[in-house]
Amino acid sequence: MSEPSRRDFIYIAAGAAAAAGGALTLWPFIDQMNPAADTLALASTEVDLSQVTEGQQITVMWRGKPVFVRHRTPAEIEEARSVDVSGLRDPATDQERLVPLSGGEYQPQFLIMVGICTHLGCVPLGNRSGDYDGWFCPCHGSHYDTAGRIRKGPAPKNLEVPGYEYLSDTVVKIG
Amino acid sequence: MSGPSTYEPKTGIEKWLDSRLPIVRFSQDTMINFPTPKNLNYWYTFGGILSLILVVQIVTGIVLAMHYVAHVDYAFESVQRIRRDVPWGWMIQYIHANGASMFFLAVYLHMFRGLYYGSYKAPREILWILGVVIFLLMMATAFMGYVLPWGQMSYWGAVVITNLFGALPIIGETITTWLWGGFSVDNPTLNRFFSLHYLLPFAIAGVVALHVWALHVPGNNNPTGVSVKSGKDTVPFHPYYTVKDGFALLLFFILFAVFVFYMPDILGHADNYIPADPLVTPSHIVPEWYFLPFYAILRAIPDKLMGVLAMFASIGVLFILPWLDTSRVRSMRYRPVMRWFFLIFVGACLLLGYCGGQNPEGWVLHASRLATVYYFAYFLLILPIVGLIETPKPRPASIADSIHGDRGKPRSDTAATPAPAE
Ligand code: HEM
Ligand code: FES
């Protein structure tokens with residue numbers, strides 16, 4: 001091979017400039033598909049928990065997704081707590097699936113989760129369904145327990161707990 | 001076969017045009033005089049049929065787009081309006097909806113034909129790969145088109161398929177959010193799907209042009225798999241194959257018309273007559289029939305990521321197929337062992353299609369696992385191994401010989417002992 005010439009340098013520099021410029025130009029055309037500012041702005045929803053009686057579940061919409069708010073019975077809470085966490089696919093204690101009040105104490109009867117199966121996104125059926133008395137996704141057969149943890153079926157993760165905070169004992173702000 | 005052009009401009013205007021834009025010469029060479037093996041059977045007519053269905057989809061699609069409204073609040077209503085109120089809308093909408101099914105029916109037959117006659121082997125690897133690219137684009141187009149009417153199956157199909165990308169580690173969620181343009185399948189998703197559904201068929205048309213170009217360099221393969229040796233093996237494309245293709249096209253379009261006019265909804269799903277509801281998942285989500293085999297592969301595997309990877313791999317493997325088949329013999333007519341494996345392969349694909357429509361439980365789950373294993377084994381084990389150990393039957397010396405006699409003269413490069421070819 002001969003010594004690189006000034007012309008080689010110009011070729012490489014011009015090619016590199018064109019490649020970098022091309023990549024930079026491409027970015028806006030890719031990024032435009034990400035959520036727009038108005039979509040991002042629809043961020044939070046408030047829920048009044050006093051409407052939800054024991055054993056009942058309501059579904060509220062948050063960012064276009066269903067969110068389950070379940071008022072669990074003591075038996076359901078007991079069932080969720082008696083599980084050996086280490087054997088779970090996505091280990092989490094019942095308490096780790098809850099958010100405390102501003103004072104730090106928990107209201108274990110209220111379970112709030114995104115109602116979307118972590119497999120491929122169907123809405124699981126509630127009212128103590130499935131083999132673990134929690135939720136059952138009919139799409140490909142995922143079973144969730146009374147804490148919304150995945151127990152059986154193809155889903156890889158527990159039902160997602162959205163970011164939320166207690167504004168008072170009975171009002172929750174999701175998002 | 002691209003050989004020297006046989007076109008001779010006769011009139012003054014033709015000569016004038018030929019030295020400026022030789023478009024008449026191009027058409028003559030590719031569609032009229034093009035030397036074509038004389039033994040092509042009806043399995044070879046699906047390419048022409050596919051080209052015409054693409055035109056039908058584009059024409060009916062452009063009409064639908066004049067009346068369709070890509071907004072979550074109006075999409076469902078607008079399709080119902082096309083069916084009820086727009087003059088001839090019912091017919092055009094049903095042609096388009098059933099056209100997608102006809103498209104896949106034809107493409108599957110076209111692909112199995114290629115697998116049987118070894119049309120993916122040298123020198124047609126690029127031709128085959130371009131075909132797989134078209135198949136992928138068709139799948140994307142049909143998927144996004146099915147979302148547009150915004151019924152329950154449209155919506156939940158979109159949810160399940162876009163969530164497949166969420167299975168990818170780390171980047172999964174970023175990708176799904178990017179695909180949706182939000183945090184769930186919603187109006188931005190519908191809008192972009194409409195834009196892409198309009199675009200992709202033209203991309204398909206472009207790749208079809210490359211596909212036909214890649215066909216016209218080596219020329220057609222044929223049922224014997226033996227290459228064209230001389231002019232005795234071929235006939236000009238017109239009138240021989242224009243007529244044969246035309247006849248097959250007529251029969252195929254009669255079938256198409258039977259669906260459109262007598263059972264327009266039989267291939268669809270009743271749930272798609274319910275407007276999309278993000279809060280209620282239908283109890284049994286199924287894709288359109290043409291996606292069922294891939295859906296079965298997805299569900300055969302209990303792990304989300306592995307299921308998704310297997311599904312993509314089932315198409316990915318088609319790209320490397322030309323290098324997996326180790327046999328020098330193209331056509332399975334002369335491959336006594338492989339031919340049986342091929343028939344089982346067709347059976348496995350049909351079984352996967354059946355299983356994809358059922359709940360993945362009990363024997364259905366076992367059957368889909370078995371068929372999935374066979375699907376991959378066919379490409380990754382059977383084709384490479386059988387090609388090495390099988391003794392092919394003697395092939396005819398030429399295409400002309402296979403028709404006009406001189407049978408039994410084995411090709412010099414055949415390892416087998418002389419015996420009458422079929
Ligand atoms: C490769 C070719 C194409 C395929 C496979 C295809 C497939 C489909 C499918 C499966 C549907 C859903 C129909 C239903 O279930 O009701 C659909 C809808 C639609 N397509 Fe296409 N399409 C193609 C080309 C086009 C083109 C070129 C356009 C426009 C220029 C178009 C415009 C539309 C519109 C507006 C709808 C919504 C109305 C409806 O549902 O009928 N399509 N397409
Ligand atoms: S989406 Fe719930 S099991 Fe597949």
# chains A, B, ... in the order shown; residues from 1 in each chain; ligands from 1
>>> residues_near_ligand(ligand="ligand 2", cutoff="6 Å", atoms="only C-alpha atoms and all ligand atoms", output="mmCIF file with N, CA, C and O atoms, in the first residue's frame")
data_model
loop_
_atom_site.group_PDB
_atom_site.id
_atom_site.type_symbol
_atom_site.label_atom_id
_atom_site.label_comp_id
_atom_site.auth_asym_id
_atom_site.auth_seq_id
_atom_site.Cartn_x
_atom_site.Cartn_y
_atom_site.Cartn_z
ATOM 1 N N CYS A 117 -51.899 -6.784 31.229
ATOM 2 C CA CYS A 117 -51.095 -7.987 31.369
ATOM 3 C C CYS A 117 -49.687 -7.715 30.870
ATOM 4 O O CYS A 117 -49.492 -7.135 29.804
ATOM 5 N N HIS A 119 -47.684 -9.688 29.733
ATOM 6 C CA HIS A 119 -47.289 -10.510 28.589
ATOM 7 C C HIS A 119 -47.432 -9.667 27.333
ATOM 8 O O HIS A 119 -46.514 -8.987 26.934
ATOM 9 N N LEU A 120 -48.624 -9.619 26.754
ATOM 10 C CA LEU A 120 -48.762 -8.846 25.524
ATOM 11 C C LEU A 120 -49.858 -7.797 25.614
ATOM 12 O O LEU A 120 -50.382 -7.360 24.592
ATOM 13 N N GLY A 121 -50.216 -7.397 26.821
ATOM 14 C CA GLY A 121 -51.007 -6.181 26.935
ATOM 15 C C GLY A 121 -52.520 -6.317 26.985
ATOM 16 O O GLY A 121 -53.214 -5.324 26.869
ATOM 17 N N CYS A 122 -53.085 -7.504 27.170
ATOM 18 C CA CYS A 122 -54.531 -7.598 27.314
ATOM 19 C C CYS A 122 -54.944 -7.111 28.710
ATOM 20 O O CYS A 122 -54.107 -6.939 29.587
ATOM 21 N N CYS A 137 -55.606 -13.560 32.817
ATOM 22 C CA CYS A 137 -55.596 -12.980 31.482
ATOM 23 C C CYS A 137 -55.997 -14.054 30.480
ATOM 24 O O CYS A 137 -55.301 -15.068 30.344
ATOM 25 N N CYS A 139 -55.999 -14.005 27.315
ATOM 26 C CA CYS A 139 -55.349 -14.022 25.999
ATOM 27 C C CYS A 139 -54.434 -15.222 25.829
ATOM 28 O O CYS A 139 -54.532 -15.961 24.870
ATOM 29 N N HIS A 140 -53.511 -15.395 26.767
ATOM 30 C CA HIS A 140 -52.619 -16.546 26.660
ATOM 31 C C HIS A 140 -52.482 -17.253 27.997
ATOM 32 O O HIS A 140 -51.522 -17.974 28.237
ATOM 33 N N GLY A 141 -53.449 -16.968 28.912
ATOM 34 C CA GLY A 141 -53.505 -17.721 30.153
ATOM 35 C C GLY A 141 -52.496 -17.357 31.215
ATOM 36 O O GLY A 141 -51.806 -18.239 31.734
ATOM 37 N N SER A 142 -52.377 -16.075 31.584
ATOM 38 C CA SER A 142 -51.520 -15.714 32.712
ATOM 39 C C SER A 142 -52.376 -15.558 33.967
ATOM 40 O O SER A 142 -53.432 -14.929 33.930
ATOM 41 N N PRO A 154 -47.509 -17.157 30.669
ATOM 42 C CA PRO A 154 -46.350 -16.616 29.951
ATOM 43 C C PRO A 154 -45.888 -15.230 30.391
ATOM 44 O O PRO A 154 -44.801 -14.806 30.014
ATOM 45 N N ALA A 155 -46.690 -14.493 31.174
ATOM 46 C CA ALA A 155 -46.286 -13.124 31.509
ATOM 47 C C ALA A 155 -45.018 -13.129 32.342
ATOM 48 O O ALA A 155 -44.870 -13.943 33.245
#
>>> closest_atom_pairs(of="chain B", to="ligand 1", cutoff="7 Å", atoms="only C-alpha atoms and all ligand atoms", output="JSON lines")
{"residue": "B:Leu54", "atom": "CA", "partner": "ligand 1", "partner_atom_place_in_ligand_line": "2 (C)", "distance": 5.6}
{"residue": "B:Gln57", "atom": "CA", "partner": "ligand 1", "partner_atom_place_in_ligand_line": "24 (C)", "distance": 4.6}
{"residue": "B:Ile58", "atom": "CA", "partner": "ligand 1", "partner_atom_place_in_ligand_line": "27 (C)", "distance": 3.6}
{"residue": "B:Val59", "atom": "CA", "partner": "ligand 1", "partner_atom_place_in_ligand_line": "27 (C)", "distance": 6.7}
{"residue": "B:Thr60", "atom": "CA", "partner": "ligand 1", "partner_atom_place_in_ligand_line": "28 (C)", "distance": 7.0}
{"residue": "B:Gly61", "atom": "CA", "partner": "ligand 1", "partner_atom_place_in_ligand_line": "31 (C)", "distance": 3.3}
{"residue": "B:Ile62", "atom": "CA", "partner": "ligand 1", "partner_atom_place_in_ligand_line": "30 (C)", "distance": 3.8}
{"residue": "B:Leu64", "atom": "CA", "partner": "ligand 1", "partner_atom_place_in_ligand_line": "35 (C)", "distance": 4.4}
{"residue": "B:Ala65", "atom": "CA", "partner": "ligand 1", "partner_atom_place_in_ligand_line": "35 (C)", "distance": 3.8}
{"residue": "B:Tyr68", "atom": "CA", "partner": "ligand 1", "partner_atom_place_in_ligand_line": "35 (C)", "distance": 5.3}
{"residue": "B:Val79", "atom": "CA", "partner": "ligand 1", "partner_atom_place_in_ligand_line": "38 (C)", "distance": 5.6}
{"residue": "B:Gln93", "atom": "CA", "partner": "ligand 1", "partner_atom_place_in_ligand_line": "41 (O)", "distance": 4.8}
{"residue": "B:His96", "atom": "CA", "partner": "ligand 1", "partner_atom_place_in_ligand_line": "43 (N)", "distance": 6.2}
{"residue": "B:Ala97", "atom": "CA", "partner": "ligand 1", "partner_atom_place_in_ligand_line": "13 (C)", "distance": 4.0}
{"residue": "B:Ala100", "atom": "CA", "partner": "ligand 1", "partner_atom_place_in_ligand_line": "5 (C)", "distance": 4.3}
{"residue": "B:Phe103", "atom": "CA", "partner": "ligand 1", "partner_atom_place_in_ligand_line": "5 (C)", "distance": 6.6}
{"residue": "B:Met138", "atom": "CA", "partner": "ligand 1", "partner_atom_place_in_ligand_line": "1 (C)", "distance": 5.4}
{"residue": "B:Thr141", "atom": "CA", "partner": "ligand 1", "partner_atom_place_in_ligand_line": "4 (C)", "distance": 5.5}
{"residue": "B:Ala142", "atom": "CA", "partner": "ligand 1", "partner_atom_place_in_ligand_line": "7 (C)", "distance": 4.1}
{"residue": "B:Phe143", "atom": "CA", "partner": "ligand 1", "partner_atom_place_in_ligand_line": "10 (C)", "distance": 6.6}
{"residue": "B:Gly145", "atom": "CA", "partner": "ligand 1", "partner_atom_place_in_ligand_line": "17 (C)", "distance": 3.6}
{"residue": "B:Tyr146", "atom": "CA", "partner": "ligand 1", "partner_atom_place_in_ligand_line": "12 (C)", "distance": 3.7}
{"residue": "B:Val147", "atom": "CA", "partner": "ligand 1", "partner_atom_place_in_ligand_line": "12 (C)", "distance": 6.7}
{"residue": "B:Leu148", "atom": "CA", "partner": "ligand 1", "partner_atom_place_in_ligand_line": "37 (C)", "distance": 4.9}
{"residue": "B:Pro149", "atom": "CA", "partner": "ligand 1", "partner_atom_place_in_ligand_line": "40 (O)", "distance": 4.4}
{"residue": "B:His197", "atom": "CA", "partner": "ligand 1", "partner_atom_place_in_ligand_line": "42 (N)", "distance": 6.0}
{"residue": "B:Tyr198", "atom": "CA", "partner": "ligand 1", "partner_atom_place_in_ligand_line": "29 (C)", "distance": 4.3}
{"residue": "B:Leu199", "atom": "CA", "partner": "ligand 1", "partner_atom_place_in_ligand_line": "27 (C)", "distance": 7.0}
{"residue": "B:Leu200", "atom": "CA", "partner": "ligand 1", "partner_atom_place_in_ligand_line": "1 (C)", "distance": 7.0}
{"residue": "B:Pro201", "atom": "CA", "partner": "ligand 1", "partner_atom_place_in_ligand_line": "1 (C)", "distance": 4.4}
{"residue": "B:Phe202", "atom": "CA", "partner": "ligand 1", "partner_atom_place_in_ligand_line": "27 (C)", "distance": 6.9}
{"residue": "B:Ile204", "atom": "CA", "partner": "ligand 1", "partner_atom_place_in_ligand_line": "1 (C)", "distance": 6.8}
{"residue": "B:Gly268", "atom": "CA", "partner": "ligand 1", "partner_atom_place_in_ligand_line": "15 (O)", "distance": 6.8}
>>> interface_residues(of="chain B", to="chain A", cutoff="7 Å", atoms="only C-alpha atoms", output="ChimeraX atom specification")
/B:159-160,163-164,177-179,181-184,279-281,283-285,302-304
>>> closest_residue(among="B:Pro275, B:Pro394, B:Gly316, B:Pro35", to="His238 of chain B", atoms="only C-alpha atoms")
B:Pro35
>>> residues_around(residues="segment 76-89 of chain A", least_positions_apart="6", cutoff="10 Å", atoms="only C-alpha atoms", output="list in words")
Gly55, Gln95, Pro108, Gln109, Phe110, Leu111, Arg128, Tyr132, Asp133, Gly134, Asp145, Thr146, Ala147, Gly148, Arg149, Ile150, Arg151, Lys152, Ala155, Pro156, Lys157 and Asn158 of chain A
>>> write_last_selection(atoms="N, CA and C atoms", output="compact mmCIF listing (two decimals), in the first residue's frame")
# COMPACT_ATOMS: atom_id res chain seq x y z
N GLY A 55 -64.20 -5.67 48.64
CA GLY A 55 -64.47 -6.72 47.67
C GLY A 55 -64.79 -6.19 46.29
N GLN A 95 -46.34 -5.87 50.70
CA GLN A 95 -46.16 -4.46 51.05
C GLN A 95 -45.39 -3.69 49.98
N PRO A 108 -53.36 -1.56 53.44
CA PRO A 108 -53.18 -2.74 52.59
C PRO A 108 -54.46 -3.15 51.85
N GLN A 109 -55.62 -2.61 52.28
CA GLN A 109 -56.83 -3.02 51.58
C GLN A 109 -56.90 -2.45 50.16
N PHE A 110 -56.21 -1.32 49.90
CA PHE A 110 -56.29 -0.73 48.56
C PHE A 110 -55.09 -1.13 47.70
N LEU A 111 -55.38 -1.90 46.67
CA LEU A 111 -54.34 -2.33 45.73
C LEU A 111 -54.58 -1.60 44.42
N ARG A 128 -61.44 -12.07 41.65
CA ARG A 128 -60.87 -13.31 42.15
C ARG A 128 -60.88 -14.40 41.10
N TYR A 132 -55.16 -18.32 41.28
CA TYR A 132 -54.66 -17.73 42.51
C TYR A 132 -55.58 -16.64 43.04
N ASP A 133 -56.85 -16.71 42.67
CA ASP A 133 -57.89 -15.83 43.21
C ASP A 133 -57.67 -14.34 42.97
N GLY A 134 -56.81 -14.03 41.99
CA GLY A 134 -56.58 -12.61 41.73
C GLY A 134 -57.12 -12.23 40.36
N ASP A 145 -51.90 -13.32 41.36
CA ASP A 145 -52.49 -13.58 42.67
C ASP A 145 -53.15 -12.33 43.24
N THR A 146 -53.55 -12.39 44.51
CA THR A 146 -54.31 -11.29 45.09
C THR A 146 -53.46 -10.05 45.34
N ALA A 147 -52.15 -10.13 45.08
CA ALA A 147 -51.32 -8.94 45.12
C ALA A 147 -50.94 -8.54 43.70
N GLY A 148 -51.54 -9.19 42.70
CA GLY A 148 -51.23 -8.88 41.30
C GLY A 148 -49.88 -9.40 40.86
N ARG A 149 -49.37 -10.41 41.57
CA ARG A 149 -48.07 -10.97 41.18
C ARG A 149 -48.29 -12.13 40.21
N ILE A 150 -47.36 -12.24 39.23
CA ILE A 150 -47.50 -13.30 38.24
C ILE A 150 -47.18 -14.64 38.90
N ARG A 151 -48.06 -15.61 38.71
CA ARG A 151 -47.86 -16.91 39.33
C ARG A 151 -47.77 -18.02 38.30
N LYS A 152 -48.44 -17.86 37.17
CA LYS A 152 -48.48 -18.96 36.21
C LYS A 152 -48.81 -18.37 34.84
N ALA A 155 -46.69 -14.49 31.17
CA ALA A 155 -46.29 -13.12 31.51
C ALA A 155 -45.02 -13.13 32.34
N PRO A 156 -44.08 -12.23 32.06
CA PRO A 156 -42.80 -12.25 32.78
C PRO A 156 -42.82 -11.50 34.11
N LYS A 157 -43.74 -10.52 34.27
CA LYS A 157 -43.66 -9.63 35.43
C LYS A 157 -44.99 -9.52 36.14
N ASN A 158 -44.93 -8.99 37.36
CA ASN A 158 -46.15 -8.68 38.10
C ASN A 158 -46.88 -7.53 37.41
>>> residues_around(residues="Gln51 of chain A", least_positions_apart="2", cutoff="12 Å", atoms="only C-alpha atoms", output="list of chain:residue names")
A:Val47, A:Asp48, A:Leu49, A:Thr53, A:Glu54, A:Gly55, A:Gln56, A:Gln57, A:Ile58, A:Thr59, A:Val69, A:Arg70, A:His71, A:Phe110, A:Thr170, A:Val171
>>> write_last_selection(atoms="C-alpha atoms", output="PDB file, in the first residue's frame")
ATOM      1  CA  VAL A  47     -59.424   8.654  42.450  1.00  0.00           C
ATOM      2  CA  ASP A  48     -61.791   8.825  45.424  1.00  0.00           C
ATOM      3  CA  LEU A  49     -61.272   5.559  47.302  1.00  0.00           C
ATOM      4  CA  THR A  53     -66.454  -0.848  48.865  1.00  0.00           C
ATOM      5  CA  GLU A  54     -64.802  -3.961  50.249  1.00  0.00           C
ATOM      6  CA  GLY A  55     -64.468  -6.722  47.671  1.00  0.00           C
ATOM      7  CA  GLN A  56     -65.080  -4.286  44.841  1.00  0.00           C
ATOM      8  CA  GLN A  57     -62.812  -3.213  42.015  1.00  0.00           C
ATOM      9  CA  ILE A  58     -63.099  -0.118  39.870  1.00  0.00           C
ATOM     10  CA  THR A  59     -61.195   0.661  36.713  1.00  0.00           C
ATOM     11  CA  VAL A  69     -58.285   0.007  42.080  1.00  0.00           C
ATOM     12  CA  ARG A  70     -59.254  -2.923  44.284  1.00  0.00           C
ATOM     13  CA  HIS A  71     -60.539  -2.810  47.831  1.00  0.00           C
ATOM     14  CA  PHE A 110     -56.294  -0.729  48.559  1.00  0.00           C
ATOM     15  CA  THR A 170     -59.314   8.459  50.724  1.00  0.00           C
ATOM     16  CA  VAL A 171     -57.964  10.341  47.683  1.00  0.00           C
TER      17      VAL A 171
END
>>> select_by_dssp(residues="segment 48-254 of chain B", states="helix (DSSP H, G or I)", output="ChimeraX atom specification")
/B:48-67,75-84,89-116,125-147,152-167,172-180,187-216,231-233,237-254
>>> atom_distance(atom1="atom CA of Gly89 of chain B", atom2="atom CA of Thr189 of chain B")
25.3 Å
>>> residues_around(residues="Ala158 of chain B", least_positions_apart="2", cutoff="8 Å", atoms="only C-alpha atoms", output="VMD selection string")
chain B and resid 143 to 144 147 154 to 156 160 to 162 185
>>> residues_around(residues="segment 47-51 of chain B", least_positions_apart="5", cutoff="10 Å", atoms="only C-alpha atoms", output="list in words")
Val56, Met102, Phe103, Phe104, Leu105, Ala106, Val107, Leu109, His110, Met111, Ala205, Val208, Val212, Tyr241, Thr242, Asp245, Gly246, Ala248, Leu249, Leu250, Phe252 and Phe253 of chain B
